[in-house]
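A.B. asks: Handing you a structure now.
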Amino acid sequence: MDKRIEIILFKDWAWIVLSMLLVAGTAHAQTAMINAQSRNATSLNGEWNVILDPTGIGEWRQIWQEKKPLLKTDFVEYAFEGSPRLTVPGDFNSQMCELTYYEGVVWYKKEFSYSTGKNKRLFVHFGAVNYLADIYLNGEKLGSHEGGFTPFQFEVTHKIKPGTNALIVKVDNKRLKNGLPGLGYDWLNYGGITRDVNLIETGNTYIEDYSIQLRKGSQKEVSGWVKLNGVDKQKRIKIKIPELKTELSVRSDSNGVARLQFSSSFNLWSPAYPKLYKVVIETETDTVEDEIGFRTIEVKGNKVVLNGKEIFLKGINIHEENPVKGARAFSKEDAILLLGHAKQLGCNLVRLAHYPHNENMVKQAERMGLMVWSELPIYQHIEFSDATVPLKMEMMLKEMIRRDRNRCNVVIWSLSNETYDGTPNRTKALAALTQVCRQLDSTRLVTHVTNSQSYNNNSFKVWDPLYNYADIVSLNEYLGWYVPWQGKPRDVKWTVAYPDKPVFISEFGGEALFGSKYGPGDEAAFWTEAYQEKIYRDQLEMFNTVPGLIGVSPWLLFDYRSLGRMHPLYQKGYNRKGLLSEKGERKKAWFIMEQYYNRK
Ligand code: GCU
């Protein structure tokens, strides 16, 4: 063959291989080490320089290369030097008025210096970035992550340099048809680096993951494991619970995994007694401390049982929004603000809608004696037939469970909200996801929320094939708001397709503008408190007719931002179903719910 042709063919072949490697080389983020807050971390929080990129041209300009003019005739049409600055963590929408409704690309940059210790490894760890993140260090792409509510990391041990390093993050919160969530959802699409960013230094082999929880059905036996990451995987591992004078020594196998089993008499965690134990996990090269509670959660017949005793779930729905700031919540202070009101209402459970909230929220709830319902953003219209969607679902599930599996107050994994039975591949994909969930974690309850229901002649029917795979039949219903009553609430005839399963009303309620006295109390169109109060009185009356009811959760604690809520007088971009206004003012319905919970 002509040499020249051979060279051309070789070049093409090489280009194909190279481009495949380049694509493959865009590594997907590693699933993050757990318990980041207890590690040797250097925070990268604070002011980051940003470049707003509404047209997305930054990709073509290769902003991550930070080109500089060399010749007198050169110029570069972007720069971080002198650019606006945003605070991390935090959504960008609430920090710049140009970004209030923004759904697009923002490039972030942080400079840092770091010298990694001898025989140490270094990671950059993100609590969450909404929604797509491309991460660059010193001009080199580390990789990408998709999903706005779970942590991820990249190892940078051999990528940082002496002196100043440049970490650049391309954030894109545009909605994706095949995203999780998809194109439509009833909350503000806060974009940005919305949670903490840390450099985390570990030993050459470090404790990457662990599970230390009571075996399903036991109040004394812990069945768990520890997973090491590093070249030297076979190590002695000690697990200590000083208060119980428990010290266990195990050895990890060639995969770095050590299984552990031990028994003890625990003071079990409960809402009334949120007992946590200091747990120390150590190897020769790494130590991690955690605070772990021990409890059992099960379904027995159509009851939910905590530590062997039936419990009624007194829930409340909460979005991850600091209502006073009108911004994404992320801090311990935000958590205390939100959860404090839930405690005042008399709750023992918070449904963290509709996506995994930040770690501060879960840990603070654990300390305050609030059970947590944690949920994936598989919300309403999802492209279940898109081949990438089940993969994304599974990735987000793994990231959610991995981060919180040792939080004993997380009692329910909710894998979907109001998806539609008729959507192609929906039930199959969610059934498969449920199976993965149970394989990953056999200790918690699993549910799906649907509004597959009918209401005729004051008869309310609930059914959905998804409930075959759930431990609890969870449903949202808005009788008295979206659906007018057809008779007396106490006469509603309920038929639930799975009478042997517990029933949880995961959303109910209606809207009211605090202080609204604009019009007649018996007409919905005036957003009066009296109208919302009546909804709650009627709902509570109906609850007595629901077979197997094990809990309820009003929608929701605070009024919150949602741009589809456009009434110029009553909503102004807020969903007004809160029992509290965004200023924390208690509406009349609050007191109906507070009394119901206090009597339960
Ligand atoms: C749905 C949905 C919520 C939504 C609520 C409402 O049930 O789950 O996310 O905000 O209804 O309409 O206010």
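By order of appearance in the structure tokens: chains A, B, ..., then residues from 1 within every chain, and ligands from 1 in the order shown.
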Enumerate residues in contact with ligand 1: an atom-to-atom distance of at most 7 Å, counting only C-alpha atoms and all ligand atoms. Format the result as a PDB file with N, CA, C and O atoms, in the first residue's frame.

C.D. replies:
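result.pdb was written with the following content:
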```
ATOM      1  N   TYR A 185     -40.433  21.083  37.339  1.00  0.00           N
ATOM      2  CA  TYR A 185     -40.547  20.818  38.770  1.00  0.00           C
ATOM      3  C   TYR A 185     -40.935  22.085  39.494  1.00  0.00           C
ATOM      4  O   TYR A 185     -40.712  23.188  39.020  1.00  0.00           O
ATOM      5  N   ASP A 186     -41.572  21.881  40.641  1.00  0.00           N
ATOM      6  CA  ASP A 186     -42.223  22.982  41.347  1.00  0.00           C
ATOM      7  C   ASP A 186     -41.333  23.512  42.469  1.00  0.00           C
ATOM      8  O   ASP A 186     -41.741  23.545  43.627  1.00  0.00           O
ATOM      9  N   TRP A 187     -40.122  23.876  42.102  1.00  0.00           N
ATOM     10  CA  TRP A 187     -39.236  24.583  43.035  1.00  0.00           C
ATOM     11  C   TRP A 187     -38.245  25.391  42.201  1.00  0.00           C
ATOM     12  O   TRP A 187     -38.111  25.167  41.003  1.00  0.00           O
ATOM     13  N   HIS A 354     -37.348  17.399  47.289  1.00  0.00           N
ATOM     14  CA  HIS A 354     -37.635  16.160  46.580  1.00  0.00           C
ATOM     15  C   HIS A 354     -36.313  15.567  46.110  1.00  0.00           C
ATOM     16  O   HIS A 354     -36.198  15.056  45.018  1.00  0.00           O
ATOM     17  N   ASN A 417     -41.259  10.413  43.011  1.00  0.00           N
ATOM     18  CA  ASN A 417     -42.407  11.221  43.422  1.00  0.00           C
ATOM     19  C   ASN A 417     -43.272  11.549  42.205  1.00  0.00           C
ATOM     20  O   ASN A 417     -42.836  12.206  41.260  1.00  0.00           O
ATOM     21  N   GLU A 418     -44.503  11.029  42.250  1.00  0.00           N
ATOM     22  CA  GLU A 418     -45.523  11.372  41.254  1.00  0.00           C
ATOM     23  C   GLU A 418     -45.103  11.118  39.815  1.00  0.00           C
ATOM     24  O   GLU A 418     -45.423  11.873  38.905  1.00  0.00           O
ATOM     25  N   ASN A 476     -49.746  11.279  47.572  1.00  0.00           N
ATOM     26  CA  ASN A 476     -50.052  12.706  47.739  1.00  0.00           C
ATOM     27  C   ASN A 476     -51.510  12.913  47.354  1.00  0.00           C
ATOM     28  O   ASN A 476     -51.936  12.390  46.327  1.00  0.00           O
ATOM     29  N   GLU A 507     -48.282  13.996  51.147  1.00  0.00           N
ATOM     30  CA  GLU A 507     -48.563  15.412  50.898  1.00  0.00           C
ATOM     31  C   GLU A 507     -50.067  15.663  50.965  1.00  0.00           C
ATOM     32  O   GLU A 507     -50.832  14.836  50.476  1.00  0.00           O
ATOM     33  N   ASN A 575     -44.800  29.349  46.163  1.00  0.00           N
ATOM     34  CA  ASN A 575     -45.820  28.348  46.431  1.00  0.00           C
ATOM     35  C   ASN A 575     -46.242  28.581  47.875  1.00  0.00           C
ATOM     36  O   ASN A 575     -45.423  28.475  48.790  1.00  0.00           O
ATOM     37  N   LYS A 577     -48.232  27.023  50.018  1.00  0.00           N
ATOM     38  CA  LYS A 577     -48.833  25.946  50.817  1.00  0.00           C
ATOM     39  C   LYS A 577     -48.157  25.806  52.180  1.00  0.00           C
ATOM     40  O   LYS A 577     -48.453  24.888  52.938  1.00  0.00           O
TER      41      LYS A 577
END
```

A.B. asks: Run DSSP on the backbone and give me the residues of segment 340-390 of chain A it puts in helix (DSSP H, G or I), as a VMD selection string.

C.D. replies: chain A and resid 340 to 345 359 to 368 388 to 390

A.B. asks: Leaving out Asp421 of chain A and any residue of its chain fewer than 2 positions from it, which residues lie within 12 Å of it when counting only C-alpha atoms, given as a list in words?

C.D. replies: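 Listed by chain and then number, they are Gln380, His381, Ile382, Phe384, Ser416, Asn417, Glu418, Thr419, Thr423, Pro424, Asn425, Arg426, Thr427, Lys428, Ala429, Leu430, His448, Val449, Thr450, Asn451, Ser452, Gln453, Trp463, Asp464, Pro465, Leu466 and Tyr467 of chain A.
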
A.B. asks: Go ahead and write the selection's residues with N, CA and C atoms as an mmCIF file, in the first residue's frame.

C.D. replies:
```
data_model
loop_
_atom_site.group_PDB
_atom_site.id
_atom_site.type_symbol
_atom_site.label_atom_id
_atom_site.label_comp_id
_atom_site.auth_asym_id
_atom_site.auth_seq_id
_atom_site.Cartn_x
_atom_site.Cartn_y
_atom_site.Cartn_z
ATOM 1 N N GLN A 380 -42.037 13.347 38.760
ATOM 2 C CA GLN A 380 -43.036 13.560 37.715
ATOM 3 C C GLN A 380 -42.531 13.121 36.328
ATOM 4 N N HIS A 381 -42.349 14.086 35.397
ATOM 5 C CA HIS A 381 -41.998 13.706 34.008
ATOM 6 C C HIS A 381 -40.523 13.344 33.905
ATOM 7 N N ILE A 382 -40.225 12.039 33.780
ATOM 8 C CA ILE A 382 -38.852 11.530 33.676
ATOM 9 C C ILE A 382 -38.762 10.664 32.422
ATOM 10 N N PHE A 384 -37.836 7.787 31.306
ATOM 11 C CA PHE A 384 -37.395 6.443 31.718
ATOM 12 C C PHE A 384 -36.928 5.592 30.533
ATOM 13 N N SER A 416 -39.036 7.845 44.249
ATOM 14 C CA SER A 416 -39.694 8.594 43.171
ATOM 15 C C SER A 416 -40.868 9.371 43.738
ATOM 16 N N ASN A 417 -41.259 10.413 43.011
ATOM 17 C CA ASN A 417 -42.407 11.221 43.422
ATOM 18 C C ASN A 417 -43.272 11.549 42.205
ATOM 19 N N GLU A 418 -44.503 11.029 42.250
ATOM 20 C CA GLU A 418 -45.523 11.372 41.254
ATOM 21 C C GLU A 418 -45.103 11.118 39.815
ATOM 22 N N THR A 419 -44.363 10.028 39.592
ATOM 23 C CA THR A 419 -44.121 9.643 38.189
ATOM 24 C C THR A 419 -45.417 8.988 37.705
ATOM 25 N N THR A 423 -46.043 6.098 31.749
ATOM 26 C CA THR A 423 -44.776 6.454 31.074
ATOM 27 C C THR A 423 -44.021 5.178 30.704
ATOM 28 N N PRO A 424 -43.604 5.071 29.423
ATOM 29 C CA PRO A 424 -42.879 3.859 29.009
ATOM 30 C C PRO A 424 -41.673 3.581 29.910
ATOM 31 N N ASN A 425 -41.546 2.330 30.301
ATOM 32 C CA ASN A 425 -40.408 1.829 31.076
ATOM 33 C C ASN A 425 -40.367 2.350 32.511
ATOM 34 N N ARG A 426 -41.380 3.125 32.916
ATOM 35 C CA ARG A 426 -41.331 3.754 34.254
ATOM 36 C C ARG A 426 -41.360 2.691 35.347
ATOM 37 N N THR A 427 -42.348 1.814 35.351
ATOM 38 C CA THR A 427 -42.477 0.863 36.459
ATOM 39 C C THR A 427 -41.330 -0.145 36.449
ATOM 40 N N LYS A 428 -40.941 -0.554 35.263
ATOM 41 C CA LYS A 428 -39.820 -1.513 35.149
ATOM 42 C C LYS A 428 -38.534 -0.905 35.705
ATOM 43 N N ALA A 429 -38.248 0.322 35.292
ATOM 44 C CA ALA A 429 -37.007 0.985 35.737
ATOM 45 C C ALA A 429 -37.032 1.221 37.243
ATOM 46 N N LEU A 430 -38.183 1.634 37.772
ATOM 47 C CA LEU A 430 -38.252 1.916 39.209
ATOM 48 C C LEU A 430 -38.274 0.630 40.036
ATOM 49 N N HIS A 448 -42.243 4.579 47.206
ATOM 50 C CA HIS A 448 -42.431 5.436 46.032
ATOM 51 C C HIS A 448 -43.681 6.256 46.311
ATOM 52 N N VAL A 449 -43.654 7.518 45.973
ATOM 53 C CA VAL A 449 -44.833 8.370 46.145
ATOM 54 C C VAL A 449 -45.555 8.483 44.802
ATOM 55 N N THR A 450 -46.861 8.234 44.810
ATOM 56 C CA THR A 450 -47.602 8.445 43.557
ATOM 57 C C THR A 450 -48.869 9.235 43.854
ATOM 58 N N ASN A 451 -49.468 9.752 42.777
ATOM 59 C CA ASN A 451 -50.837 10.265 42.900
ATOM 60 C C ASN A 451 -51.719 9.535 41.899
ATOM 61 N N SER A 452 -51.463 8.217 41.800
ATOM 62 C CA SER A 452 -52.340 7.333 41.004
ATOM 63 C C SER A 452 -53.582 7.057 41.838
ATOM 64 N N GLN A 453 -54.615 7.819 41.577
ATOM 65 C CA GLN A 453 -55.775 7.754 42.462
ATOM 66 C C GLN A 453 -57.018 8.186 41.684
ATOM 67 N N TRP A 463 -54.151 3.147 43.825
ATOM 68 C CA TRP A 463 -53.519 1.957 43.283
ATOM 69 C C TRP A 463 -52.298 2.397 42.483
ATOM 70 N N ASP A 464 -51.320 1.556 42.318
ATOM 71 C CA ASP A 464 -50.197 1.787 41.412
ATOM 72 C C ASP A 464 -49.325 0.532 41.464
ATOM 73 N N PRO A 465 -48.919 0.014 40.314
ATOM 74 C CA PRO A 465 -48.073 -1.199 40.326
ATOM 75 C C PRO A 465 -46.783 -1.008 41.132
ATOM 76 N N LEU A 466 -46.356 0.236 41.247
ATOM 77 C CA LEU A 466 -45.119 0.487 42.011
ATOM 78 C C LEU A 466 -45.242 0.059 43.470
ATOM 79 N N TYR A 467 -46.472 0.104 43.981
ATOM 80 C CA TYR A 467 -46.627 -0.227 45.404
ATOM 81 C C TYR A 467 -46.305 -1.695 45.674
#
```

A.B. asks: At what distance in Å, to one decimal, does atom CA of Asn544 of chain A lie from atom CA of Gly509 of chain A?

C.D. replies: 16.5 Å

A.B. asks: Pick from A:Ile378, A:Ile318, A:Ile297, A:Leu580: nearest to Ser218 of chain A, with only C-alpha atoms counted?

C.D. replies: A:Ile297

A.B. asks: Kindly indicate which residue among A:Ala79, A:Leu391, A:Val546, A:Val88 lies nearest to Gly179 of chain A, using only C-alpha atoms for the distances.

C.D. replies: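 Checking each of A:Ala79, A:Leu391, A:Val546, A:Val88 against Gly179 of chain A, counting only C-alpha atoms, the winner is A:Leu391.
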
A.B. asks: Pick from A:Ser113, A:Asn358, A:Thr287, A:Gln435: nearest to Ala166 of chain A, with only C-alpha atoms counted?

C.D. replies: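 Of A:Ser113, A:Asn358, A:Thr287, A:Gln435, the one nearest Ala166 of chain A, counting only C-alpha atoms, is A:Ser113.
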
A.B. asks: If you measure from atom CA of His28 of chain A to atom CA of Asp232 of chain A, what distance in Å do you get, rounded to one decimal?

C.D. replies: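 Atom CA of Asp232 of chain A lies 24.2 Å from atom CA of His28 of chain A.
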
A.B. asks: Residues at most 10 Å from Ala329 of chain A, counting only C-alpha atoms, excluding those fewer than 2 positions away in the same chain, as a list of chain:residue names?

C.D. replies: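 The residues that qualify are A:Pro89, A:Gly90, A:Asp91, A:Thr194, A:Arg195, A:His319, A:Glu320, A:Glu321, A:Asn322, A:Pro323, A:Lys325, A:Gly326, A:Ala327, A:Ser331, A:Lys332, A:Glu333, A:Asp334, A:Ala335, A:Leu337, A:Leu338, A:His357, A:Asn358, A:Asn360, A:Met361.
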
A.B. asks: Those same residues, written as a PDB file, in the first residue's frame with C-alpha atoms?

C.D. replies:
```pdb
ATOM      1  CA  PRO A  89     -21.198  27.350  49.158  1.00  0.00           C
ATOM      2  CA  GLY A  90     -24.347  28.989  47.907  1.00  0.00           C
ATOM      3  CA  ASP A  91     -26.636  29.132  44.912  1.00  0.00           C
ATOM      4  CA  THR A 194     -24.322  24.899  46.488  1.00  0.00           C
ATOM      5  CA  ARG A 195     -22.448  22.954  49.187  1.00  0.00           C
ATOM      6  CA  HIS A 319     -37.605  22.062  50.692  1.00  0.00           C
ATOM      7  CA  GLU A 320     -33.890  22.903  50.956  1.00  0.00           C
ATOM      8  CA  GLU A 321     -34.423  26.656  51.100  1.00  0.00           C
ATOM      9  CA  ASN A 322     -33.575  29.175  53.776  1.00  0.00           C
ATOM     10  CA  PRO A 323     -36.920  31.047  53.690  1.00  0.00           C
ATOM     11  CA  LYS A 325     -32.756  34.504  52.578  1.00  0.00           C
ATOM     12  CA  GLY A 326     -34.807  33.031  49.710  1.00  0.00           C
ATOM     13  CA  ALA A 327     -31.757  30.906  48.909  1.00  0.00           C
ATOM     14  CA  SER A 331     -25.393  25.371  56.621  1.00  0.00           C
ATOM     15  CA  LYS A 332     -25.899  24.029  60.108  1.00  0.00           C
ATOM     16  CA  GLU A 333     -27.635  27.318  60.972  1.00  0.00           C
ATOM     17  CA  ASP A 334     -30.051  26.854  58.050  1.00  0.00           C
ATOM     18  CA  ALA A 335     -30.773  23.337  59.282  1.00  0.00           C
ATOM     19  CA  LEU A 337     -33.806  27.200  61.514  1.00  0.00           C
ATOM     20  CA  LEU A 338     -35.855  24.743  59.427  1.00  0.00           C
ATOM     21  CA  HIS A 357     -30.629  17.612  51.279  1.00  0.00           C
ATOM     22  CA  ASN A 358     -27.220  18.717  52.571  1.00  0.00           C
ATOM     23  CA  ASN A 360     -25.924  19.322  57.899  1.00  0.00           C
ATOM     24  CA  MET A 361     -29.691  18.892  57.577  1.00  0.00           C
TER      25      MET A 361
END
```

A.B. asks: Report, in Å to a single decimal, how far apart atom CA of Ser516 of chain A and atom CA of Gln532 of chain A are.

C.D. replies: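 Atom CA of Ser516 of chain A lies 10.8 Å from atom CA of Gln532 of chain A.
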
A.B. asks: Between A:Tyr597, A:Tyr101, A:Tyr136, A:Tyr478, single out the one closest to Ile63 of chain A, counting only C-alpha atoms.

C.D. replies: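 Selected residue with least distance to Ile63 of chain A: A:Tyr136.
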
A.B. asks: Could you check which of A:Gly58, A:Gly143, A:Pro554, A:Pro547 is closest to Asn317 of chain A, using only C-alpha atoms?

C.D. replies: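 Going through A:Gly58, A:Gly143, A:Pro554, A:Pro547 one by one, the smallest distance to Asn317 of chain A is for A:Pro554.
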
A.B. asks: Have a look at A:Gly551, A:Ser115, A:Arg405, A:Leu513 and name the one nearest to Val305 of chain A; count only C-alpha atoms.

C.D. replies: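 The answer is A:Gly551, which sits nearest to Val305 of chain A.
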
A.B. asks: Hey, what's within 12 Å of Leu244 of chain A if we count only C-alpha atoms and toss same-chain stuff fewer than 4 positions away? As number ranges by chain, please?

C.D. replies: A: 239-240, 248, 262-267, 276-279

A.B. asks: If you run DSSP over the backbone, which residues in segment 103-267 of chain A end up strand (DSSP E or B)? Put them as a PyMOL selection string.

C.D. replies: chain A and resi 105-112+120-126+130+132-137+140-146+152-155+165-172+192+197-203+206-214+221-229+236-241+246-251+257-263
